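> Here it is, the structure in full.
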Amino acid sequence: MDYTVETPEMSASLINSSFINKIEQGMEKEAAENATAFIREKLRQDAAVREIMKPVPITSDELDRDENTDQPKKIIDKEPDSVATFTQFNGSGPRTWFKGKRYAIYFGKVESQRFTKNIFELMTYTSDIRKILSDNSVKDMGDQEDKKFKETLDAIITADTGHVQSTSGDFKAATFVTAMQAMLDRKLPIGKMLMTKSMFLNALDLPATSVGDDIAKRHFDSGIETTQKLWGIPTVTTIKGDIYGASTPWLFAPQAPDNFLGNFYTLQDATLYLEKKADIIQFWSYEALGLGIGNRLAIQKITIT
């Protein structure tokens with residue numbers, strides 16, 4: 001005999017009343033903790049950088065001190081260079097004193113606007129208050145993460161490293177192949193690609209001779225959103241053309257399981273702070289992050305003409 005399984009869902013009004021009741025009872029911390037879990041889930045979906053580099057929580061015990069400032073930082077060891085040599089059976093390889101390279105990641109804070117609301121007005125909302133919080137503060141913080149990440153990428157491309165880390169051409173296989181070859185020439189694997197959703201839609205115009213009959217058919221039947229890869233590369237898409245460039249895809253070396261790219265640490269992930277004075281509540285979100293590209297050769301910029 002078959003049974004119908006019901007999965008009860010809490011209504012938005014019930015969530016809101018529970019949220020407001022905790023605030024009225026002086027349980028601001030518990031209300032903030034409940035909303036924080038919701039906010040963190042949303043933030044990981046909205047910031048494109050978090051799909052390129054996985055954020056790793058870090059504690060105060062793992063921080064390093066700086067002799068010139070009280071700003072927290074984390075020192076990362078880089079793999080030392082090594083070589084092999086051919087020898088006769090009675091020979092041995094050259095002996096070398098190696099010196100390990102390191103780089104430092106400094107931490108900073110991202111904070112949303114501070115919102116103020118009368119608690120009685122808050123009771124009139126019929127949509128989940130937590131979604132209102134995430135729409136206002138989480139997306140703003142995610143934008144700041146992406147802006148700082150893009151600033152880092154631009155600084156690397158602008159620096160004269162003696163390597164070709166910027167290529168250009170039409171939206172076709174040959175352009176992307178040239179960019180991929182540039183990374184492979186630097187002996188780096190290709191992990192992910194980042195581009196705007198609008199540019200990703202150009203894949204609909206790619207001929208079957210370029211992407212294959214089965215892929216072209218899937219694009220025609222189901223749309224481009226069903227595709228998670230382009231030319232075999234996992235592709236992260238974003239609507240933030242104003243940040244990353246509307247016609248600028250990026251290639252990145254993988255961060256996992258082998259880290260060829262860099263590190264992204266969260267000293268404190270997105271957290272909601274909430275306080276109540278009389279009938280007025282004030283809330284905002286904040287986080288403490290540190291991000292660094294340890295291998296400046298691990299990125300490739302593509303400009304679509």
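Here's how to read the names in the structure tokens: chain A, B, ... by the order shown, residue numbers from 1 in each chain, ligand numbers from 1 in the order shown.
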Skip Thr196 of chain A itself and residues of its chain fewer than 4 positions away, then list as a PDB file with N, CA and C atoms, in the first residue's frame all residues within 12 Å of it, counting only C-alpha atoms.

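Saved to result.pdb:
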ATOM      1  N   ALA A  48      30.975  35.115  -6.699  1.00  0.00           N
ATOM      2  CA  ALA A  48      31.609  34.266  -7.704  1.00  0.00           C
ATOM      3  C   ALA A  48      32.975  33.781  -7.251  1.00  0.00           C
ATOM      4  N   PHE A 200      28.263  33.661 -21.725  1.00  0.00           N
ATOM      5  CA  PHE A 200      28.123  32.206 -21.786  1.00  0.00           C
ATOM      6  C   PHE A 200      27.050  31.811 -22.798  1.00  0.00           C
ATOM      7  N   LEU A 201      26.045  32.676 -22.957  1.00  0.00           N
ATOM      8  CA  LEU A 201      24.979  32.390 -23.920  1.00  0.00           C
ATOM      9  C   LEU A 201      25.498  32.361 -25.355  1.00  0.00           C
ATOM     10  N   ASN A 202      26.662  32.951 -25.606  1.00  0.00           N
ATOM     11  CA  ASN A 202      27.233  32.890 -26.952  1.00  0.00           C
ATOM     12  C   ASN A 202      27.527  31.466 -27.386  1.00  0.00           C
ATOM     13  N   ALA A 203      27.626  30.563 -26.412  1.00  0.00           N
ATOM     14  CA  ALA A 203      27.884  29.162 -26.752  1.00  0.00           C
ATOM     15  C   ALA A 203      26.744  28.571 -27.570  1.00  0.00           C
ATOM     16  N   THR A 235      32.818  25.748 -15.795  1.00  0.00           N
ATOM     17  CA  THR A 235      32.621  27.185 -16.012  1.00  0.00           C
ATOM     18  C   THR A 235      31.717  27.783 -14.941  1.00  0.00           C
ATOM     19  N   VAL A 236      32.218  28.815 -14.281  1.00  0.00           N
ATOM     20  CA  VAL A 236      31.448  29.582 -13.303  1.00  0.00           C
ATOM     21  C   VAL A 236      30.896  30.802 -14.017  1.00  0.00           C
ATOM     22  N   THR A 237      29.589  31.002 -13.951  1.00  0.00           N
ATOM     23  CA  THR A 237      28.977  32.153 -14.609  1.00  0.00           C
ATOM     24  C   THR A 237      28.447  33.131 -13.578  1.00  0.00           C
ATOM     25  N   THR A 238      28.451  34.404 -13.926  1.00  0.00           N
ATOM     26  CA  THR A 238      28.016  35.449 -13.015  1.00  0.00           C
ATOM     27  C   THR A 238      27.295  36.541 -13.796  1.00  0.00           C
ATOM     28  N   ILE A 239      26.422  37.257 -13.125  1.00  0.00           N
ATOM     29  CA  ILE A 239      25.753  38.401 -13.758  1.00  0.00           C
ATOM     30  C   ILE A 239      26.531  39.692 -13.495  1.00  0.00           C
ATOM     31  N   LYS A 240      27.671  39.602 -12.842  1.00  0.00           N
ATOM     32  CA  LYS A 240      28.421  40.785 -12.425  1.00  0.00           C
ATOM     33  C   LYS A 240      29.402  41.235 -13.509  1.00  0.00           C
ATOM     34  N   GLY A 241      28.850  41.572 -14.664  1.00  0.00           N
ATOM     35  CA  GLY A 241      29.686  42.078 -15.737  1.00  0.00           C
ATOM     36  C   GLY A 241      30.322  43.409 -15.389  1.00  0.00           C
ATOM     37  N   ASP A 242      29.663  44.186 -14.507  1.00  0.00           N
ATOM     38  CA  ASP A 242      30.216  45.466 -14.087  1.00  0.00           C
ATOM     39  C   ASP A 242      31.471  45.291 -13.248  1.00  0.00           C
ATOM     40  N   ILE A 243      31.661  44.102 -12.675  1.00  0.00           N
ATOM     41  CA  ILE A 243      32.838  43.838 -11.845  1.00  0.00           C
ATOM     42  C   ILE A 243      33.900  43.095 -12.642  1.00  0.00           C
ATOM     43  N   TYR A 244      33.525  41.991 -13.261  1.00  0.00           N
ATOM     44  CA  TYR A 244      34.513  41.138 -13.923  1.00  0.00           C
ATOM     45  C   TYR A 244      34.763  41.483 -15.386  1.00  0.00           C
ATOM     46  N   GLY A 245      33.918  42.314 -15.945  1.00  0.00           N
ATOM     47  CA  GLY A 245      34.068  42.657 -17.355  1.00  0.00           C
ATOM     48  C   GLY A 245      33.078  41.878 -18.200  1.00  0.00           C
ATOM     49  N   ALA A 246      32.275  42.594 -18.972  1.00  0.00           N
ATOM     50  CA  ALA A 246      31.218  41.954 -19.743  1.00  0.00           C
ATOM     51  C   ALA A 246      31.765  41.044 -20.832  1.00  0.00           C
ATOM     52  N   SER A 247      32.962  41.334 -21.330  1.00  0.00           N
ATOM     53  CA  SER A 247      33.529  40.535 -22.421  1.00  0.00           C
ATOM     54  C   SER A 247      34.902  39.986 -22.050  1.00  0.00           C
ATOM     55  N   THR A 248      35.062  39.615 -20.777  1.00  0.00           N
ATOM     56  CA  THR A 248      36.372  39.166 -20.302  1.00  0.00           C
ATOM     57  C   THR A 248      36.264  37.871 -19.516  1.00  0.00           C
ATOM     58  N   PRO A 249      36.376  36.732 -20.159  1.00  0.00           N
ATOM     59  CA  PRO A 249      36.488  35.472 -19.416  1.00  0.00           C
ATOM     60  C   PRO A 249      37.857  35.353 -18.743  1.00  0.00           C
ATOM     61  N   TRP A 250      37.918  34.537 -17.708  1.00  0.00           N
ATOM     62  CA  TRP A 250      39.167  34.306 -16.982  1.00  0.00           C
ATOM     63  C   TRP A 250      39.390  32.807 -16.821  1.00  0.00           C
ATOM     64  N   ILE A 304      37.364  39.122 -25.288  1.00  0.00           N
ATOM     65  CA  ILE A 304      36.580  38.774 -26.489  1.00  0.00           C
ATOM     66  C   ILE A 304      36.324  40.034 -27.293  1.00  0.00           C
TER      67      ILE A 304
END
> Residues of segment 107-143 of chain A classed as helix (DSSP H, G or I) by DSSP on the backbone are to be reported as a list in words.
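Filtering segment 107-143 of chain A to helix (DSSP H, G or I) leaves Ile119, Phe120, Glu121, Leu122, Ile129, Arg130, Lys131, Ile132, Leu133, Ser134, Asp135, Asn136, Ser137, Val138, Lys139, Asp140, Met141, Gly142 and Asp143 of chain A.
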> When you count only C-alpha atoms, which of these residues is closest to Ala47 of chain A: A:Ala104, A:Ala179, A:Met141, A:Leu230?
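Result for the nearest residue to Ala47 of chain A: A:Met141.
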> Quick one: residues within 8 Å of Pro189 of chain A, only C-alpha atoms counted, chain neighbours fewer than 2 positions away excluded, as a PyMOL selection string?
chain A and resi 183-184+187+191+253-254
> Grab the residues selected above and save them as a PDB file, in the first residue's frame with C-alpha atoms.

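Output below, filename part-v1.pdb:
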ATOM      1  CA  MET A 183      48.779  28.314 -19.231  1.00  0.00           C
ATOM      2  CA  LEU A 184      50.012  24.876 -20.250  1.00  0.00           C
ATOM      3  CA  LYS A 187      53.330  24.092 -16.853  1.00  0.00           C
ATOM      4  CA  GLY A 191      40.936  24.260 -13.303  1.00  0.00           C
ATOM      5  CA  ALA A 253      44.541  26.903 -12.305  1.00  0.00           C
ATOM      6  CA  PRO A 254      42.811  24.503  -9.868  1.00  0.00           C
TER       7      PRO A 254
END
> Output as JSON lines one row per residue of segment 134-213 of chain A within 10 Å of segment 269-283 of chain A: the closest atom pair and its distance in Å to one decimal place, counting only C-alpha atoms, sorted by chain and residue number ascending.

{"residue": "A:Ser134", "atom": "CA", "partner": "A:Leu272", "partner_atom": "CA", "distance": 9.8}
{"residue": "A:Ser137", "atom": "CA", "partner": "A:Leu272", "partner_atom": "CA", "distance": 9.3}
{"residue": "A:Val138", "atom": "CA", "partner": "A:Ala270", "partner_atom": "CA", "distance": 7.9}
{"residue": "A:Met141", "atom": "CA", "partner": "A:Ala270", "partner_atom": "CA", "distance": 8.5}
{"residue": "A:Gly142", "atom": "CA", "partner": "A:Ala270", "partner_atom": "CA", "distance": 9.8}
> Just the number, please: distance in Å from atom CA of Asn295 of chain A to atom CA of Asp66 of chain A, one decimal.
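For atom CA of Asn295 of chain A relative to atom CA of Asp66 of chain A, the distance reads 22.0 Å.
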> A:Thr178, A:Asn259, A:Ser198, A:Thr167: which is nearest Thr305 of chain A, counting only C-alpha atoms?
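Ranked by minimum distance to Thr305 of chain A, first place goes to A:Thr167.
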> Could you tell me how far atom CA of Arg65 of chain A lies from atom CA of Tyr103 of chain A, in Å and to one decimal?
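Atom CA of Tyr103 of chain A lies 13.5 Å from atom CA of Arg65 of chain A.
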> Can you pull out every residue within 9 Å of Met180 of chain A, counting only C-alpha atoms, but drop anything in the same chain fewer than 6 positions away, and send it as an NGL selection string?
:A and (189-190 or 251 or 300)
> Which one of A:Lys42, A:Arg296, A:Lys22, A:His163 sits closest to Arg130 of chain A if you count only C-alpha atoms?
A:Lys42
> Between atom CA of Met53 of chain A and atom CA of Gly169 of chain A, measure the distance and give it in Å to one decimal.
26.7 Å
